[in-house]
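One structure below.
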Amino acid sequence: MLKPKIICVTGGKGGTGKTLVAVNLAIMFKNQGFKVLLIDGDVENPNTFLLLNAKLENKTEVLYFLPKIIEDKCTKCGLCAENCGTHALLHIKNSYPIPISTVCSGCKLCYKICPTNAIEPDLKVIGWTYTASAFNIDLFLGELKPAEARSAVIVNKLMENLEHSIKTEPEKYDIIVLDTAPGAHCDVEALISGADFVIPVTEPTRFGKLDLLRIIELIDLLKKEYKAIVNRSSLLGYKEKFLKELEEKDIEILGDIPLDEEIVSSYCQGIPLMEKSSKFDRNGAGYKSFEIIFENLIKWGDFSK
Amino acid sequence: MKKIGVISGKGGVGKTSLVASLASIAYKDHDINLIILDCDVDAPNLALILPPKSEEDIVTQDTFTTKKARFLEEKCVNCKQCYDDHFCEFNALNWNESDNIPVIDYLACEGCGACRVLCPEDAFEINPVKSGEIITYETNVGFPLIYGKTKLGSTTSGLLVSEVKQHATDLKEFNDANLIVIDGPPGIGCPVIATVSGLDYIVAITEPTPSGLHDLSRAIEMVNQFNIPFGIVINKADLKSASQKQLNRYIEKAGYEILGRINFDLSIPKAMSYAEPVVDYAPESVASQAINTIYLNLKLILSKL
């Protein structure tokens, strides 16, 4: 039994083209007959479904623990507040403790240590997960409820759902593509940790380079294999210089994607550039560049059908 | 003293470029005494465009906003209760069968202290660890810049953002300052919430693409929950995109304020490659004129707050 291979598309900097790459890689694998699952782990701003013009289904609440004080049982001893690592329980002498939801980490310590069982789990909705299908690829997507902070819980939920899917139907997918949020925080870290191959997407600017080096530091820390993609490579003619800089730092690349109006147009229409049924120019600069990237990716990962 | 922040939801839409230019204009404005913060602690880039006047002036301070658990083997009696009773809600406590002891997953540990409190043998302790750095200096255009940078894998972005904001109040320049401008992180999660908390006004920048609009609406939903007034800047405002209409309709229908539109202008990436704010690199450019208008609009709004 073969486990599906997991590819994580990330980038450090925002707006470098992570989602564009993740969606088109998924589509190219599908074009070759692979069974593909795309997971949108940018739960703060999930955008894959827009690029795929996909209808989100199976909306499922992601619930998170918050302590609820049962006043009949509470002796106002203050043990819970004393031990709360994030000071999420406010206790004033001779009064009931007050939970502060914005700083609660959800560790459940208060619930576990209350000597009179006066704390019960009160579950609140912090976001949702969805599934969708479009262009013959499946999509798992997470969405953080605006003004909630604990995005990592939703990312973990997506990864649990993935694990469950692999366990119950190991043959269902050959390839899993993960799309991450910008940055290098815990959400990104969780997705990179779960991947076999990591693809940081960058752009040939000072910002792009600085953030690429930072995300590579994280990928190295997590001991993962990576190869980068340079998007908007034709911007102001910096391509050669930028590629040389990457080479000097021993950063291997899968390829580069030039500026191309068709990419913008595919993005805005919600039809992936590389979709075989689409009407985009097969000789266009963007299209060609994705073909090269895919060829290099297949070689790198030894993906065979 | 007024505090404003620039956020976007979607990454890579021009937050940092806008902030650098607004800062440069503000510095030449005699009414304004400015402090500038970069709270994109995962990928702080503002320092690239606003470098220090002198390298010697850079002050770097380590932060210890993260806590991590440490296992004390000498106290452990191998009862396995920590693992069996699931002390850790973050799955950071695993069991090493061969040595019969718990193993802490350093990256997954949130330092909540549940293991420390619950272990009957006191075999865990919680210690602060280095979570990042706060860097302060006087920029080459004259005002102080403070930015934070997370230590990768420290799971602390939100707390570090709060620390950076706190740091500003300790500066000797703070008493004379009448404006703080913050370059925010992408997304709408924990670090963004920490960024916008306590601000007087928010600038939300976006671009007329489906994801730009989607992420803007989520950012606004978040901002509205905190009741902070905001205005919108549209970058790449002349992009050929079907989303133009939708974006305009969205803004008009809700009656949101537009601070300005910046048409696509190669002066912006060019300025970046010379590490200068665009208003200094190309003062007569379309982008610079638009940003000057935005500055004046912003100044007028702030004077009425």
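Labels for the structure tokens follow display order: chains A, B, ..., residues from 1 in each chain, ligands from 1.
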Show me which bits of chain B are within 7 Å of chain A, counting only C-alpha atoms, as an MDAnalysis selection string. chainID B and resid 9:13 42:43 45 88:89 112:114 152 155 157 186:190 209:211 215 218 221:222 225 241:242 273
Work out how far CA of Ala228 (chain A) is from CA of Ser289 (chain A), in Å to one decimal. 13.7 Å
Quick one: DSSP alpha helix (DSSP H) residues in region 63-199 of chain A, as a short mmCIF file (atom, residue, chain, number, x, y, z; two decimals) with C-alpha atoms, in the first residue's frame?
```cif
data_model
loop_
_atom_site.label_atom_id
_atom_site.label_comp_id
_atom_site.auth_asym_id
_atom_site.auth_seq_id
_atom_site.Cartn_x
_atom_site.Cartn_y
_atom_site.Cartn_z
CA LEU A 79 -7.13 27.41 42.38
CA CYS A 80 -8.06 27.60 38.70
CA ALA A 81 -7.00 31.23 38.33
CA GLU A 82 -3.82 30.66 40.30
CA ASN A 83 -2.68 27.93 37.92
CA LEU A 109 -6.05 22.71 33.10
CA CYS A 110 -8.76 24.55 35.07
CA TYR A 111 -11.31 21.91 34.13
CA LYS A 112 -8.93 19.12 35.14
CA ILE A 113 -7.85 20.53 38.50
CA SER A 151 -6.18 29.70 13.69
CA ALA A 152 -3.81 26.82 14.54
CA VAL A 153 -6.73 24.81 15.91
CA ILE A 154 -8.41 24.92 12.50
CA VAL A 155 -5.21 23.99 10.69
CA ASN A 156 -4.80 21.04 13.04
CA LYS A 157 -8.39 20.04 12.36
CA LEU A 158 -7.67 19.98 8.60
CA MET A 159 -4.61 17.81 9.18
CA GLU A 160 -6.67 15.48 11.39
CA ASN A 161 -9.24 15.20 8.62
CA LEU A 162 -6.43 14.38 6.20
CA GLU A 163 -5.07 11.71 8.53
CA HIS A 164 -8.54 10.25 8.90
CA SER A 165 -9.04 10.17 5.15
CA ILE A 166 -5.70 8.41 4.59
CA LYS A 167 -6.49 5.90 7.33
CA THR A 168 -9.99 5.03 6.17
CA CYS A 186 2.60 27.89 13.90
CA ASP A 187 -0.05 27.41 11.16
CA VAL A 188 2.64 27.36 8.48
CA GLU A 189 4.88 25.22 10.63
CA ALA A 190 2.17 22.58 11.17
CA LEU A 191 1.63 22.19 7.42
CA ILE A 192 5.33 22.07 6.54
CA SER A 193 5.79 19.46 9.29
#
```
Which value, in Å to one decimal, gives the distance between CA of Lys53 (chain B) and CA of Tyr137 (chain B)?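 It comes out at 8.0 Å.
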For a test of reading the model, state the distance in Å between CA of Leu247 (chain B) and CA of Val233 (chain B), rounded to one decimal.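 CA of Val233 (chain B) lies at a distance of 11.7 Å from CA of Leu247 (chain B).
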All strand (DSSP E or B) residues (DSSP, backbone) inside region 19-145 of chain B, as a ChimeraX atom specification: /B:34-38,52,59-63,66-71,93-96,101-104,124-129,132-139,144-145
Go ahead and write the selection's residues with C-alpha atoms as a short mmCIF file (atom, residue, chain, number, x, y, z; two decimals), in the first residue's frame.
```
data_model
loop_
_atom_site.label_atom_id
_atom_site.label_comp_id
_atom_site.auth_asym_id
_atom_site.auth_seq_id
_atom_site.Cartn_x
_atom_site.Cartn_y
_atom_site.Cartn_z
CA LEU B 34 6.36 60.07 14.22
CA ILE B 35 7.25 56.65 15.59
CA ILE B 36 7.01 53.76 13.20
CA LEU B 37 6.50 50.08 14.02
CA ASP B 38 6.76 46.94 11.91
CA PRO B 52 19.26 52.95 9.99
CA VAL B 59 19.63 48.37 19.59
CA THR B 60 18.62 44.72 19.68
CA GLN B 61 16.83 43.25 22.64
CA ASP B 62 15.87 39.61 23.10
CA THR B 63 12.30 38.84 24.08
CA THR B 66 7.32 32.20 24.93
CA LYS B 67 7.27 29.55 27.63
CA LYS B 68 8.18 25.92 27.12
CA ALA B 69 7.94 22.83 29.31
CA ARG B 70 11.04 20.93 30.38
CA PHE B 71 10.99 17.33 31.58
CA LEU B 93 3.50 15.12 25.29
CA ASN B 94 4.48 11.86 23.68
CA TRP B 95 5.70 8.65 25.24
CA ASN B 96 9.04 7.04 24.59
CA ILE B 101 9.57 8.37 29.85
CA PRO B 102 7.59 11.25 28.34
CA VAL B 103 9.04 13.26 25.47
CA ILE B 104 8.10 16.89 24.89
CA PHE B 124 7.91 19.13 34.59
CA GLU B 125 8.92 22.74 34.84
CA ILE B 126 8.00 25.71 32.69
CA ASN B 127 10.62 28.21 31.62
CA PRO B 128 10.59 31.31 29.49
CA VAL B 129 12.63 30.86 26.31
CA GLY B 132 12.45 36.72 19.20
CA GLU B 133 14.06 40.10 19.05
CA ILE B 134 12.97 43.69 19.12
CA ILE B 135 15.15 45.98 17.05
CA THR B 136 15.13 49.74 17.42
CA TYR B 137 16.99 52.46 15.54
CA GLU B 138 16.75 55.90 14.00
CA THR B 139 16.02 55.60 10.30
CA PRO B 144 12.61 55.92 15.17
CA LEU B 145 11.67 52.51 13.81
#
```
For a quick check of understanding, using only C-alpha atoms, which of A:Ile126, A:Ala195, A:Ala285, A:Leu254 has the smallest distance to Ile39 (chain A)?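 Nearest to Ile39 (chain A): A:Ala195.
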What lies within 8 Å of Ser21 (chain B) using only C-alpha atoms, ignoring chain neighbours under 4 positions off, as a ChimeraX atom specification? /B:17,25,277-280,291
Would you mind exporting the chosen residues as an mmCIF file, in the first residue's frame, restricted to C-alpha atoms?
```cif
data_model
loop_
_atom_site.group_PDB
_atom_site.id
_atom_site.type_symbol
_atom_site.label_atom_id
_atom_site.label_comp_id
_atom_site.auth_asym_id
_atom_site.auth_seq_id
_atom_site.Cartn_x
_atom_site.Cartn_y
_atom_site.Cartn_z
ATOM 1 C CA SER B 17 5.459 50.087 0.463
ATOM 2 C CA ILE B 25 5.886 62.205 3.912
ATOM 3 C CA PRO B 277 10.114 54.845 -0.383
ATOM 4 C CA VAL B 278 8.505 55.508 -3.768
ATOM 5 C CA VAL B 279 7.665 59.101 -2.782
ATOM 6 C CA ASP B 280 11.407 59.781 -2.490
ATOM 7 C CA ILE B 291 0.090 58.346 -1.876
#
```
